[in-house]
$ cat final-v2.txt   # compact mmCIF, C-alpha atoms and all ligand atoms
# COMPACT_ATOMS: atom_id res chain seq x y z
CA MET S 1 107.02 171.84 20.45
CA SER S 2 110.33 170.81 21.95
CA VAL S 3 111.72 170.32 25.41
CA LEU S 4 115.30 171.62 25.38
CA PRO S 5 118.19 170.52 27.63
CA ILE S 6 118.77 172.92 30.56
CA LEU S 7 122.34 173.98 31.40
CA THR S 8 123.36 173.69 35.05
CA ALA S 9 125.98 175.71 36.93
CA PRO S 10 128.87 175.98 36.68
CA ASP S 11 128.72 176.70 32.94
CA PRO S 12 130.37 179.61 31.05
CA ILE S 13 127.17 180.38 29.06
CA LEU S 14 125.32 181.02 32.35
CA LYS S 15 127.97 183.65 33.21
CA THR S 16 127.81 185.46 29.84
CA LYS S 17 125.93 188.71 29.16
CA ALA S 18 123.25 187.87 26.56
CA LYS S 19 122.86 189.86 23.32
CA ARG S 20 119.87 192.09 22.55
CA VAL S 21 117.37 190.71 20.04
CA GLU S 22 117.25 192.90 16.90
CA LEU S 23 114.12 191.38 15.35
CA VAL S 24 111.24 189.45 16.91
CA ASP S 25 110.72 186.87 14.15
CA ASP S 26 109.63 183.23 13.84
CA ARG S 27 113.00 182.07 15.16
CA ILE S 28 112.43 184.03 18.41
CA ARG S 29 108.75 182.92 18.62
CA THR S 30 109.81 179.26 18.23
CA LEU S 31 112.52 179.76 20.85
CA MET S 32 109.97 181.22 23.30
CA ASN S 33 107.50 178.37 22.70
CA ASP S 34 110.26 175.77 23.18
CA MET S 35 111.37 177.57 26.35
CA LEU S 36 107.80 177.44 27.70
CA ASP S 37 107.56 173.70 26.89
CA THR S 38 110.89 173.19 28.67
CA MET S 39 109.80 175.26 31.68
CA TYR S 40 106.42 173.49 32.08
CA ASP S 41 108.14 170.10 31.67
CA ALA S 42 110.78 170.82 34.36
CA PRO S 43 108.53 172.11 36.04
CA GLY S 44 109.47 175.72 36.74
CA ILE S 45 107.89 179.19 36.79
CA GLY S 46 110.51 181.04 34.75
CA LEU S 47 113.25 180.37 32.22
CA ALA S 48 115.84 182.55 30.49
CA ALA S 49 117.33 181.79 27.04
CA PRO S 50 120.93 181.35 28.35
CA GLN S 51 119.64 178.40 30.42
CA VAL S 52 118.94 176.59 27.13
CA ALA S 53 122.33 177.68 25.70
CA VAL S 54 120.96 180.65 23.69
CA SER S 55 122.78 183.84 24.73
CA GLU S 56 120.00 186.28 23.74
CA ARG S 57 117.76 188.54 25.82
CA VAL S 58 114.61 186.40 25.94
CA ILE S 59 112.74 185.21 29.05
CA VAL S 60 109.48 183.33 29.69
CA MET S 61 107.47 183.03 32.90
CA ASP S 62 104.20 181.64 34.23
CA ILE S 63 103.27 181.88 37.88
CA GLY S 64 99.86 180.17 37.38
CA ARG S 65 99.42 177.35 39.87
CA THR S 66 97.64 174.83 37.67
CA GLU S 67 97.52 173.86 33.99
CA GLU S 68 94.05 175.43 33.82
CA ASP S 69 95.27 178.90 34.87
CA ARG S 70 98.26 179.04 32.60
CA GLU S 71 99.18 182.62 31.75
CA PRO S 72 102.51 182.54 29.94
CA LEU S 73 104.51 185.75 29.70
CA ARG S 74 107.05 186.08 26.89
CA MET S 75 109.53 188.96 27.05
CA VAL S 76 112.19 190.13 24.62
CA ASN S 77 114.86 192.70 25.66
CA PRO S 78 113.23 193.34 29.09
CA GLU S 79 114.37 196.42 31.02
CA ILE S 80 113.55 197.53 34.56
CA VAL S 81 112.47 201.18 34.38
CA TRP S 82 111.40 201.54 38.01
CA ALA S 83 111.94 199.60 41.24
CA SER S 84 110.28 200.11 44.63
CA ASP S 85 112.35 201.20 47.64
CA GLU S 86 110.62 198.48 49.62
CA ASP S 87 112.24 195.05 49.44
CA ASN S 88 110.87 191.53 49.64
CA THR S 89 112.58 188.27 50.60
CA TYR S 90 111.74 185.05 48.78
CA GLU S 91 113.32 181.63 48.98
CA GLU S 92 114.56 181.20 45.40
CA GLY S 93 115.57 178.19 43.38
CA CYS S 94 116.68 177.81 39.77
CA LEU S 95 116.49 175.04 37.18
CA SER S 96 120.20 175.70 36.53
CA VAL S 97 121.04 175.29 40.24
CA PRO S 98 119.10 172.07 40.91
CA SER S 99 118.16 171.07 44.47
CA HIS S 100 119.45 174.25 46.13
CA TYR S 101 117.35 177.08 47.59
CA SER S 102 118.19 180.31 49.36
CA ASP S 103 116.54 183.52 50.59
CA VAL S 104 117.19 186.44 48.22
CA VAL S 105 116.27 190.10 48.88
CA ARG S 106 115.03 192.13 45.89
CA PRO S 107 112.79 195.17 45.29
CA LYS S 108 109.17 194.29 46.08
CA SER S 109 107.78 195.76 42.83
CA VAL S 110 109.34 196.61 39.49
CA LYS S 111 108.08 198.19 36.29
CA VAL S 112 109.40 196.39 33.21
CA HIS S 113 109.44 197.49 29.56
CA TYR S 114 109.78 194.69 26.99
CA LEU S 115 108.76 193.52 23.52
CA ASP S 116 106.11 190.82 23.31
CA GLU S 117 106.07 187.89 20.84
CA THR S 118 104.70 190.16 18.11
CA GLY S 119 107.45 192.74 18.63
CA ALA S 120 105.04 195.23 20.27
CA ALA S 121 106.36 197.40 23.13
CA LYS S 122 104.71 196.50 26.46
CA GLU S 123 104.92 197.54 30.09
CA VAL S 124 104.07 195.52 33.18
CA LEU S 125 104.05 196.44 36.86
CA ALA S 126 105.25 193.24 38.52
CA GLU S 127 104.50 192.73 42.21
CA GLY S 128 104.86 189.87 44.68
CA LEU S 129 106.06 186.57 43.23
CA LEU S 130 106.07 187.90 39.65
CA ALA S 131 108.44 190.74 40.69
CA THR S 132 110.88 188.18 42.09
CA VAL S 133 110.60 185.88 39.06
CA VAL S 134 111.09 188.62 36.47
CA GLN S 135 114.16 189.99 38.32
CA HIS S 136 115.60 186.46 38.69
CA GLU S 137 115.13 185.74 34.97
CA MET S 138 116.51 189.14 33.91
CA ASP S 139 119.61 188.46 36.06
CA HIS S 140 120.27 185.39 33.87
CA LEU S 141 120.56 187.74 30.85
CA ASP S 142 123.47 189.47 32.61
CA GLY S 143 125.17 186.23 33.64
CA ILE S 144 123.93 186.45 37.24
CA LEU S 145 122.51 183.52 39.21
CA PHE S 146 120.51 183.77 42.46
CA ILE S 147 123.50 182.30 44.28
CA ASP S 148 125.43 185.45 43.31
CA HIS S 149 123.13 187.32 45.72
CA ILE S 150 124.01 185.17 48.75
CA SER S 151 127.18 184.86 50.85
CA SER S 152 130.28 183.64 49.01
CA LEU S 153 130.64 180.89 51.63
CA LYS S 154 127.23 179.45 50.82
CA ARG S 155 127.65 180.06 47.06
CA ASN S 156 130.97 178.23 46.91
CA MET S 157 129.55 175.32 48.89
CA ILE S 158 126.65 175.00 46.41
CA LEU S 159 128.97 175.31 43.38
CA ARG S 160 131.29 172.60 44.76
CA LYS S 161 128.31 170.26 45.19
CA LEU S 162 127.03 170.99 41.66
CA LEU S 163 130.51 170.40 40.17
CA LYS S 164 130.82 167.11 42.07
CA ALA S 165 127.38 166.01 40.81
CA LYS S 166 128.45 166.85 37.20
CA LYS S 167 131.68 164.84 37.55
CA GLU S 168 129.79 161.88 38.98
CA ALA S 169 127.30 162.04 36.10
CA LEU S 170 130.18 162.01 33.59
CA GLU S 171 131.91 159.06 35.29
CA SER S 172 128.82 156.88 35.58
NI NI V 1 117.07 180.69 37.29

$ encode --input "final-v2.txt" --output "structure tokens"
Amino acid sequence: MSVLPILTAPDPILKTKAKRVELVDDRIRTLMNDMLDTMYDAPGIGLAAPQVAVSERVIVMDIGRTEEDREPLRMVNPEIVWASDEDNTYEEGCLSVPSHYSDVVRPKSVKVHYLDETGAAKEVLAEGLLATVVQHEMDHLDGILFIDHISSLKRNMILRKLLKAKKEALES
């Protein structure tokens, strides 16, 4: 079990399209477990491998509210095979965009195909909060952050603040 450092924007790895995983092996299973430890520690409800500096198509999520109802989801090479016409708006945040939140509009439900931690092909119909989380995490695999879905004015303001915070952390 390891808690990994989380990259924050702006960072070139967060803007890079992640590679497909060819084989779900112990290396990927360890990565997914470390990502879950990192996510629970943060705390957060989703994490994508590029956020821990691994540019591969792996995401983990858990929308359970308490430690007792933990239901971790581990996905390798996830793909959206269907999305509803109906949209939903959620106020999103991101462990790589600390302290900033914004409304984002996305399809209300999506059907996702993925490989689980054993390499087996799975399908899930994600609705409500899980639909938002899985789309947000899958965006990370294509180098997209939630702030890329909002106005450039607001995005640039947030990025300037994050850059300033990074510089201050380096100088102190
Ligand atoms: Ni995120």

$ closest_residue --input "final-v2.txt" --among "S:Leu47, S:Val3, S:Leu14, S:Leu31" --to "ligand NI 1 (chain V)" --atoms "only C-alpha atoms and all ligand atoms"
S:Leu47

$ closest_residue --input "final-v2.txt" --among "S:Ala126, S:Ala169, S:Leu7, S:Leu95" --to "Pro50 (chain S)" --atoms "all atoms listed in the file"
S:Leu7

$ residues_near_ligand --input "final-v2.txt" --ligand "ligand NI 1 (chain V)" --cutoff "9 Å" --atoms "all atoms listed in the file" --output "tab-separated table (two decimals) with C-alpha atoms, in the frame of the given file"
chain	number	residue	atom	x	y	z
S	46	GLY	CA	110.51	181.04	34.75
S	47	LEU	CA	113.25	180.37	32.22
S	48	ALA	CA	115.84	182.55	30.49
S	51	GLN	CA	119.64	178.40	30.42
S	92	GLU	CA	114.56	181.20	45.40
S	93	GLY	CA	115.57	178.19	43.38
S	94	CYS	CA	116.68	177.81	39.77
S	95	LEU	CA	116.49	175.04	37.18
S	96	SER	CA	120.20	175.70	36.53
S	97	VAL	CA	121.04	175.29	40.24
S	133	VAL	CA	110.60	185.88	39.06
S	136	HIS	CA	115.60	186.46	38.69
S	137	GLU	CA	115.13	185.74	34.97
S	139	ASP	CA	119.61	188.46	36.06
S	140	HIS	CA	120.27	185.39	33.87
S	144	ILE	CA	123.93	186.45	37.24
S	145	LEU	CA	122.51	183.52	39.21
S	146	PHE	CA	120.51	183.77	42.46

$ atom_distance --input "final-v2.txt" --atom1 "CA of Arg20 (chain S)" --atom2 "CA of Val76 (chain S)"
8.2 Å

$ residues_around --input "final-v2.txt" --residues "Glu127 (chain S)" --least-positions-apart "2" --cutoff "10 Å" --atoms "all atoms listed in the file" --output "PDB file with C-alpha atoms, in the coordinates of the input"
ATOM      1  CA  SER S  84     110.280 200.110  44.630  1.00  0.00           C
ATOM      2  CA  ASN S  88     110.870 191.530  49.640  1.00  0.00           C
ATOM      3  CA  PRO S 107     112.790 195.170  45.290  1.00  0.00           C
ATOM      4  CA  LYS S 108     109.170 194.290  46.080  1.00  0.00           C
ATOM      5  CA  SER S 109     107.780 195.760  42.830  1.00  0.00           C
ATOM      6  CA  VAL S 110     109.340 196.610  39.490  1.00  0.00           C
ATOM      7  CA  LYS S 111     108.080 198.190  36.290  1.00  0.00           C
ATOM      8  CA  VAL S 124     104.070 195.520  33.180  1.00  0.00           C
ATOM      9  CA  LEU S 125     104.050 196.440  36.860  1.00  0.00           C
ATOM     10  CA  LEU S 129     106.060 186.570  43.230  1.00  0.00           C
ATOM     11  CA  LEU S 130     106.070 187.900  39.650  1.00  0.00           C
ATOM     12  CA  ALA S 131     108.440 190.740  40.690  1.00  0.00           C
ATOM     13  CA  THR S 132     110.880 188.180  42.090  1.00  0.00           C
ATOM     14  CA  VAL S 133     110.600 185.880  39.060  1.00  0.00           C
ATOM     15  CA  VAL S 134     111.090 188.620  36.470  1.00  0.00           C
TER      16      VAL S 134
END

$ atom_distance --input "final-v2.txt" --atom1 "CA of Asp11 (chain S)" --atom2 "CA of Glu56 (chain S)"
15.9 Å

$ atom_distance --input "final-v2.txt" --atom1 "CA of Asp37 (chain S)" --atom2 "CA of Leu115 (chain S)"
20.1 Å

$ closest_residue --input "final-v2.txt" --among "S:Ala83, S:Met75, S:Ile63, S:Leu162" --to "Arg29 (chain S)" --atoms "only C-alpha atoms"
S:Met75

$ closest_residue --input "final-v2.txt" --among "S:Asp69, S:Asp116, S:Asp142, S:Glu91" --to "Arg57 (chain S)" --atoms "only C-alpha atoms"
S:Asp142

$ residues_around --input "final-v2.txt" --residues "Val104 (chain S)" --least-positions-apart "2" --cutoff "7 Å" --atoms "only C-alpha atoms" --output "JSON, numbers by chain"
{"S": [89, 90, 91, 92, 102, 106, 149, 150]}
